[in-house]
Amino acid sequence: MDIRRTPPRRGRRRLLLILVASALAIGLTVGLRRLRAAAPTVERGTIWVDTVKRGPMLREVQGQGTLVPLEIRWITAATAARVDRVRVQPGTKVEIDTVLVDLINPDVELQALEADHQLAQAQAELVNLEATLTNQRLAQESVVASLGSEQQEAKRRAAADEALAKKGFLSDLEMATSRDKASTLSGRQAFEEKRLGALAKGIVAQAQAQRQQLERLRSIAQFRHKELDALHVRAGVAGVLQELPLQPGQSVALGAVVAKVAQPDRLKAEIRVPETQAKDVQLGQKATVDTRNGIVSGKVARIDPGAVSGTVKVDITFDGPLPAGARPDLSVEGTVELERLASVLYVGRPAFGQPGATVGLFKLGGDDEATRTEVKLGKASVRTIEVRGGLNEGDRVILSDMTQWDGAERIRLR
């Protein structure tokens with residue numbers, strides 16, 4: 001006999017499966033939400049890692065620049081002219097009297113000739129004037145001498161007449177006449193002597209005026225000859241000819257640059273320092289300059305008062321001789337020593353971050369992971385920077401540019 005069985009309820013089983021599946025989905029969602037996002041992976045060989053240290057730190061500032069001569073002689077044209085001949089080419093060693101360029105200016109030559117003519121004419125006029133004045137003086141001296149002789153004769157005659165008058169051989173009238181004549185000649189002689197003195201003073205004044213005129217014309221002639229001689233342009237200083245941008249036949253204006261002469265054995269370094277770091281540079285600070293052929297020590301000699309394109313120009317003079325191959329316009333790298341910090345926490349300078357700023361650096365842990373850490377920076381040098389907070393001695397941090405991982409709080413190293 002068959003037994004009737006009750007069929008199972010499929011609706012209840014299906015409901016149970018749906019409930020189980022929903023619970024699993026909810027649990028999986030909650031678990032995934034609680035999991036951290038996967039850390040990006042970075043190749044260890046592509047990053048720069050440094051260790052935080054404690055100790056003395058040397059603050060330095062660095063800049064690029066060139067070697068320039070301490071003394072540069074710019075030679076300009078003393079007058080407008082035309083280039084006739086170029087005698088020396090740039091790079092040649094020259095002396096003080098070395099002629100670099102010959103110039104031509106007919107007007108200058110004509111003015112020199114005219115000045116010589118006026119000088120010669122003034123010299124002839126001085127000679128004629130001196131001769132004329134000498135004749136006048138001699139004539140007046142002759143008059144004075146003649147009157148002196150006549151006055152002496154009149155005195156003798158008056159004395160003789162007075163003796164005769166006392167003996168009764170001559171009348172009082174004749175004696176008085178002889179006496180008056182002697183007195184008149186004495187007065188005339190005194191007058192002519194005064195006239196001779198005035199004439200002598202006038203002679204001196206006229207001769208002096210003519211001599212001054214002669215000296216004036218001589219100075220003009222010398223000036224014109226200097227202009228003429230300046231057409232033969234000379235170096236004026238011993239050194240090496242740096243520039244001479246002229247060609248035969250070329251016109252040169254008054255004051256135009258003809259050549260540049262420098263002393264190649266006396267050089268200084270001109271470097272440009274970022275204006276944000278230039279405030280700490282002081283005169284007399286120690287410095288070193290890398291000429292690519294050697295490193296030379298020196299000191300800061302001058303600081304430009306203004307900034308150009310975000311940099312300040314600093315001049316460095318050298319304490320010793322320069323290495324072989326050093327020459328003007330050679331590119332160099334200069335480093336100025338600012339100060340020595342006795343005992344500070346410092347690390348290599350990161351690719352970003354200014355002194356006194358707070359930046360995020362990845363600090364390495366023990367499981368090949370690096371976690372972003374806020375670090376307070378202090379004073380900076382060329383290659384190192386002071387750490388004022390966020391790191392401890394011995395911590396290892398990544399100094400490379402990590403801007404592409406700004407959104408990650410941790411990274412994994414591979």
# chains A, B, ... in the order shown; residues from 1 in each chain; ligands from 1
>>> closest_atom_pairs(of="stretch 256-294 of chain A", to="stretch 81-93 of chain A", cutoff="12 Å", atoms="only C-alpha atoms", output="CSV")
residue,atom,partner,partner_atom,distance
A:Ala256,CA,A:Ala81,CA,10.3
A:Val258,CA,A:Val83,CA,10.0
A:Ala259,CA,A:Pro90,CA,8.9
A:Lys260,CA,A:Pro90,CA,8.9
A:Val261,CA,A:Pro90,CA,9.0
A:Ala262,CA,A:Lys93,CA,9.7
A:Gln263,CA,A:Lys93,CA,9.4
A:Pro264,CA,A:Lys93,CA,9.8
A:Asp265,CA,A:Lys93,CA,11.8
>>> residues_around(residues="stretch 202-209 of chain A", least_positions_apart="6", cutoff="10 Å", atoms="only C-alpha atoms", output="PyMOL selection string")
chain A and resi 126-127+129-130+132-134+136-137+196+215
>>> write_last_selection(atoms="N, CA and C atoms", output="mmCIF file, in the first residue's frame")
data_model
loop_
_atom_site.group_PDB
_atom_site.id
_atom_site.type_symbol
_atom_site.label_atom_id
_atom_site.label_comp_id
_atom_site.auth_asym_id
_atom_site.auth_seq_id
_atom_site.Cartn_x
_atom_site.Cartn_y
_atom_site.Cartn_z
ATOM 1 N N LEU A 126 105.767 137.931 -30.003
ATOM 2 C CA LEU A 126 106.418 138.139 -28.715
ATOM 3 C C LEU A 126 107.839 138.648 -28.906
ATOM 4 N N VAL A 127 108.541 138.086 -29.873
ATOM 5 C CA VAL A 127 109.911 138.546 -30.138
ATOM 6 C C VAL A 127 109.909 140.002 -30.586
ATOM 7 N N LEU A 129 107.599 142.292 -30.036
ATOM 8 C CA LEU A 129 107.179 143.143 -28.927
ATOM 9 C C LEU A 129 108.317 143.351 -27.953
ATOM 10 N N GLU A 130 109.041 142.292 -27.637
ATOM 11 C CA GLU A 130 110.166 142.445 -26.713
ATOM 12 C C GLU A 130 111.227 143.372 -27.295
ATOM 13 N N THR A 132 110.703 145.841 -29.511
ATOM 14 C CA THR A 132 110.165 147.205 -29.497
ATOM 15 C C THR A 132 110.216 147.801 -28.095
ATOM 16 N N LEU A 133 109.787 146.993 -27.127
ATOM 17 C CA LEU A 133 109.786 147.485 -25.751
ATOM 18 C C LEU A 133 111.196 147.726 -25.245
ATOM 19 N N THR A 134 112.129 146.912 -25.678
ATOM 20 C CA THR A 134 113.522 147.119 -25.271
ATOM 21 C C THR A 134 114.067 148.424 -25.852
ATOM 22 N N GLN A 136 112.274 151.068 -26.636
ATOM 23 C CA GLN A 136 111.652 152.159 -25.895
ATOM 24 C C GLN A 136 112.336 152.374 -24.548
ATOM 25 N N ARG A 137 112.634 151.299 -23.889
ATOM 26 C CA ARG A 137 113.299 151.420 -22.588
ATOM 27 C C ARG A 137 114.690 152.027 -22.738
ATOM 28 N N LEU A 196 110.664 156.563 -16.804
ATOM 29 C CA LEU A 196 111.371 155.312 -17.097
ATOM 30 C C LEU A 196 110.839 154.169 -16.244
ATOM 31 N N GLU A 215 101.335 131.040 -24.254
ATOM 32 C CA GLU A 215 101.103 129.787 -23.533
ATOM 33 C C GLU A 215 99.722 129.227 -23.837
#
>>> residues_around(residues="A:Ile316", least_positions_apart="6", cutoff="8 Å", atoms="only C-alpha atoms", output="PyMOL selection string")
chain A and resi 268-271+287+298-302
>>> residues_around(residues="stretch 318-333 of chain A", least_positions_apart="3", cutoff="8 Å", atoms="only C-alpha atoms", output="CSV table (one decimal) with N, CA and C atoms, in the first residue's frame")
chain,number,residue,atom,x,y,z
A,62,GLN,N,75.0,78.9,-2.5
A,62,GLN,CA,75.7,78.6,-3.7
A,62,GLN,C,75.1,79.4,-4.9
A,63,GLY,N,75.9,79.7,-5.8
A,63,GLY,CA,75.5,80.5,-7.0
A,63,GLY,C,76.4,80.2,-8.2
A,64,GLN,N,75.8,80.4,-9.4
A,64,GLN,CA,76.5,80.3,-10.6
A,64,GLN,C,77.0,81.6,-11.1
A,65,GLY,N,78.1,81.6,-11.8
A,65,GLY,CA,78.6,82.9,-12.3
A,65,GLY,C,79.8,82.7,-13.3
A,66,THR,N,80.6,83.8,-13.4
A,66,THR,CA,81.7,83.8,-14.3
A,66,THR,C,82.9,84.5,-13.7
A,67,LEU,N,84.1,84.2,-14.3
A,67,LEU,CA,85.3,85.0,-13.9
A,67,LEU,C,85.4,86.3,-14.7
A,68,VAL,N,85.6,87.4,-14.0
A,68,VAL,CA,85.8,88.6,-14.7
A,68,VAL,C,87.0,89.3,-14.3
A,69,PRO,N,87.7,90.1,-15.1
A,69,PRO,CA,88.9,90.8,-14.7
A,69,PRO,C,88.6,91.8,-13.6
A,264,PRO,N,94.4,89.4,-17.6
A,264,PRO,CA,93.8,88.1,-17.3
A,264,PRO,C,94.3,87.4,-16.1
A,265,ASP,N,95.4,87.9,-15.5
A,265,ASP,CA,96.0,87.3,-14.3
A,265,ASP,C,95.4,87.8,-13.1
A,267,LEU,N,91.8,88.3,-11.7
A,267,LEU,CA,90.4,88.0,-11.9
A,267,LEU,C,89.6,87.9,-10.6
A,268,LYS,N,88.3,88.0,-10.7
A,268,LYS,CA,87.4,87.8,-9.6
A,268,LYS,C,86.2,87.0,-10.1
A,269,ALA,N,85.5,86.5,-9.2
A,269,ALA,CA,84.3,85.7,-9.6
A,269,ALA,C,83.1,86.5,-9.3
A,271,ILE,N,79.2,85.8,-9.0
A,271,ILE,CA,78.2,84.8,-8.9
A,271,ILE,C,76.9,85.4,-8.5
A,289,VAL,N,85.4,78.8,-4.8
A,289,VAL,CA,85.0,78.9,-6.2
A,289,VAL,C,85.5,77.7,-7.0
A,290,ASP,N,84.6,77.0,-7.6
A,290,ASP,CA,85.0,75.8,-8.4
A,290,ASP,C,85.1,76.3,-9.9
A,291,THR,N,86.4,76.2,-10.4
A,291,THR,CA,86.6,76.7,-11.8
A,291,THR,C,86.6,75.5,-12.7
A,292,ARG,N,86.2,74.3,-12.3
A,292,ARG,CA,86.2,73.1,-13.1
A,292,ARG,C,87.6,72.5,-13.2
A,293,ASN,N,88.6,73.3,-13.0
A,293,ASN,CA,90.0,72.8,-13.0
A,293,ASN,C,90.6,72.8,-11.6
A,294,GLY,N,89.8,73.2,-10.6
A,294,GLY,CA,90.3,73.3,-9.3
A,294,GLY,C,89.4,74.2,-8.4
A,296,VAL,N,89.3,77.2,-5.6
A,296,VAL,CA,90.1,78.3,-5.1
A,296,VAL,C,89.3,78.9,-3.9
A,297,SER,N,90.0,79.2,-2.9
A,297,SER,CA,89.4,79.9,-1.7
A,297,SER,C,89.5,81.4,-1.9
A,298,GLY,N,88.5,82.1,-1.3
A,298,GLY,CA,88.5,83.6,-1.4
A,298,GLY,C,87.6,84.2,-0.3
A,299,LYS,N,87.1,85.4,-0.6
A,299,LYS,CA,86.2,86.0,0.4
A,299,LYS,C,85.3,86.9,-0.4
>>> select_by_dssp(residues="stretch 9-202 of chain A", states="strand (DSSP E or B)", output="PyMOL selection string")
chain A and resi 41-42+49-51+53-69+72-76+81-86+93-94+99-104
>>> write_last_selection(atoms="N, CA and C atoms", output="compact mmCIF listing (two decimals), in the first residue's frame")
# COMPACT_ATOMS: atom_id res chain seq x y z
N THR A 41 53.05 51.40 -4.77
CA THR A 41 54.40 50.83 -4.70
C THR A 41 55.38 51.73 -5.45
N VAL A 42 56.53 51.93 -4.84
CA VAL A 42 57.56 52.80 -5.43
C VAL A 42 58.87 52.01 -5.49
N VAL A 49 67.05 58.62 -0.24
CA VAL A 49 66.76 58.46 1.19
C VAL A 49 67.95 58.98 1.99
N ASP A 50 67.65 59.71 3.07
CA ASP A 50 68.71 60.22 3.94
C ASP A 50 68.30 60.01 5.39
N THR A 51 69.32 59.99 6.27
CA THR A 51 69.10 59.76 7.69
C THR A 51 69.25 61.06 8.46
N LYS A 53 70.42 63.42 11.25
CA LYS A 53 71.63 63.40 12.11
C LYS A 53 71.59 64.59 13.05
N ARG A 54 72.41 64.51 14.08
CA ARG A 54 72.57 65.61 15.02
C ARG A 54 74.06 65.93 15.12
N GLY A 55 74.36 67.23 15.05
CA GLY A 55 75.75 67.65 15.13
C GLY A 55 75.92 69.03 14.51
N PRO A 56 77.17 69.44 14.28
CA PRO A 56 77.40 70.76 13.66
C PRO A 56 76.96 70.77 12.20
N MET A 57 76.36 71.88 11.78
CA MET A 57 75.93 72.02 10.39
C MET A 57 76.48 73.32 9.82
N LEU A 58 77.13 73.21 8.69
CA LEU A 58 77.69 74.38 8.01
C LEU A 58 76.66 74.94 7.04
N ARG A 59 76.28 76.19 7.28
CA ARG A 59 75.33 76.84 6.38
C ARG A 59 76.08 77.50 5.24
N GLU A 60 75.69 77.21 4.03
CA GLU A 60 76.32 77.75 2.83
C GLU A 60 75.24 78.19 1.85
N VAL A 61 75.64 79.07 0.95
CA VAL A 61 74.79 79.47 -0.15
C VAL A 61 75.60 79.36 -1.43
N GLN A 62 74.96 78.92 -2.47
CA GLN A 62 75.67 78.62 -3.71
C GLN A 62 75.09 79.42 -4.86
N GLY A 63 75.94 79.74 -5.83
CA GLY A 63 75.48 80.48 -7.00
C GLY A 63 76.37 80.21 -8.19
N GLN A 64 75.81 80.41 -9.37
CA GLN A 64 76.54 80.26 -10.62
C GLN A 64 77.02 81.63 -11.09
N GLY A 65 78.12 81.65 -11.82
CA GLY A 65 78.64 82.92 -12.32
C GLY A 65 79.79 82.73 -13.27
N THR A 66 80.58 83.77 -13.42
CA THR A 66 81.72 83.76 -14.34
C THR A 66 82.90 84.48 -13.70
N LEU A 67 84.07 84.24 -14.27
CA LEU A 67 85.28 84.98 -13.88
C LEU A 67 85.35 86.25 -14.71
N VAL A 68 85.63 87.35 -14.05
CA VAL A 68 85.76 88.63 -14.74
C VAL A 68 87.04 89.31 -14.25
N PRO A 69 87.67 90.14 -15.09
CA PRO A 69 88.89 90.84 -14.66
C PRO A 69 88.60 91.84 -13.55
N ILE A 72 89.22 96.47 -15.93
CA ILE A 72 88.89 96.44 -17.35
C ILE A 72 89.06 97.85 -17.91
N ARG A 73 89.77 97.96 -19.00
CA ARG A 73 90.00 99.25 -19.65
C ARG A 73 89.17 99.32 -20.92
N TRP A 74 88.15 100.19 -20.89
CA TRP A 74 87.35 100.43 -22.08
C TRP A 74 87.96 101.61 -22.83
N ILE A 75 88.36 101.39 -24.05
CA ILE A 75 89.02 102.41 -24.86
C ILE A 75 88.00 102.98 -25.83
N THR A 76 87.82 104.29 -25.78
CA THR A 76 86.83 104.96 -26.63
C THR A 76 87.52 105.91 -27.60
N ALA A 81 85.91 109.65 -36.43
CA ALA A 81 86.94 109.33 -37.41
C ALA A 81 86.52 108.11 -38.22
N ARG A 82 87.43 107.70 -39.10
CA ARG A 82 87.23 106.52 -39.93
C ARG A 82 88.41 105.57 -39.70
N VAL A 83 88.11 104.28 -39.61
CA VAL A 83 89.14 103.28 -39.35
C VAL A 83 90.01 103.11 -40.59
N ASP A 84 91.32 103.30 -40.40
CA ASP A 84 92.26 103.12 -41.51
C ASP A 84 92.93 101.76 -41.46
N ARG A 85 93.28 101.31 -40.23
CA ARG A 85 94.01 100.05 -40.11
C ARG A 85 93.81 99.46 -38.73
N VAL A 86 93.55 98.17 -38.67
CA VAL A 86 93.45 97.43 -37.41
C VAL A 86 94.75 96.65 -37.25
N LYS A 93 98.36 89.80 -26.49
CA LYS A 93 98.89 90.49 -25.33
C LYS A 93 99.44 91.84 -25.75
N VAL A 94 99.07 92.90 -25.05
CA VAL A 94 99.45 94.25 -25.42
C VAL A 94 100.14 94.95 -24.25
N VAL A 99 99.86 100.22 -30.24
CA VAL A 99 98.84 100.83 -31.09
C VAL A 99 97.89 99.74 -31.56
N LEU A 100 96.61 99.93 -31.29
CA LEU A 100 95.60 98.95 -31.65
C LEU A 100 94.97 99.24 -33.01
N VAL A 101 94.59 100.51 -33.21
CA VAL A 101 93.88 100.91 -34.42
C VAL A 101 94.40 102.27 -34.88
N ASP A 102 94.50 102.45 -36.19
CA ASP A 102 94.82 103.75 -36.78
C ASP A 102 93.55 104.34 -37.36
N LEU A 103 93.23 105.57 -36.92
CA LEU A 103 92.05 106.27 -37.41
C LEU A 103 92.45 107.46 -38.27
N ILE A 104 91.52 107.95 -39.08
CA ILE A 104 91.76 109.09 -39.97
C ILE A 104 90.66 110.11 -39.77
>>> atom_distance(atom1="atom CA of A:Ala370", atom2="atom CA of A:Arg383")
22.5 Å
>>> residues_around(residues="stretch 355-368 of chain A", least_positions_apart="4", cutoff="7 Å", atoms="only C-alpha atoms", output="list in words")
Arg372, Thr373, Glu374, Val375, Lys376, Leu377, Gly378, Lys379, Ala380, Arg396, Val397, Ile398, Arg412 and Leu413 of chain A
>>> atom_distance(atom1="atom CA of A:Ser146", atom2="atom CA of A:Arg179")
18.7 Å
>>> residues_around(residues="A:Ala145", least_positions_apart="4", cutoff="10 Å", atoms="only C-alpha atoms", output="PyMOL selection string")
chain A and resi 139-141+149-151+189+192-193
>>> closest_residue(among="A:Arg349, A:Lys226, A:Lys286, A:Arg340", to="A:Ser400", atoms="only C-alpha atoms")
A:Arg349
>>> residues_around(residues="A:Ala253", least_positions_apart="5", cutoff="8 Å", atoms="only C-alpha atoms", output="list in words")
Ala77, Thr79, Ala80 and Ala81 of chain A
>>> closest_residue(among="A:Glu386, A:Asp406, A:Asp401, A:Glu95", to="A:Arg234", atoms="only C-alpha atoms")
A:Glu95
>>> atom_distance(atom1="atom CA of A:Arg266", atom2="atom CA of A:Lys279")
28.1 Å
>>> decode(residues="stretch 378-400 of chain A", atoms="C-alpha atoms", output="compact mmCIF listing (two decimals), in the first residue's frame")
# COMPACT_ATOMS: atom_id res chain seq x y z
CA GLY A 378 64.62 75.54 10.00
CA LYS A 379 67.71 77.17 8.54
CA ALA A 380 68.91 75.81 5.21
CA SER A 381 72.26 75.28 3.55
CA VAL A 382 73.22 74.16 0.05
CA ARG A 383 72.79 70.43 0.70
CA THR A 384 71.37 70.21 4.24
CA ILE A 385 68.54 71.78 6.21
CA GLU A 386 67.77 72.07 9.92
CA VAL A 387 64.94 69.95 11.37
CA ARG A 388 62.98 71.68 14.13
CA GLY A 389 60.16 69.20 14.59
CA GLY A 390 58.51 66.03 13.33
CA LEU A 391 61.65 63.84 13.13
CA ASN A 392 64.17 62.35 15.52
CA GLU A 393 67.81 61.48 15.19
CA GLY A 394 68.23 58.29 13.17
CA ASP A 395 64.93 58.59 11.27
CA ARG A 396 65.17 57.83 7.58
CA VAL A 397 63.15 60.02 5.22
CA ILE A 398 62.64 60.27 1.47
CA LEU A 399 63.99 63.54 0.06
CA SER A 400 63.01 62.99 -3.57
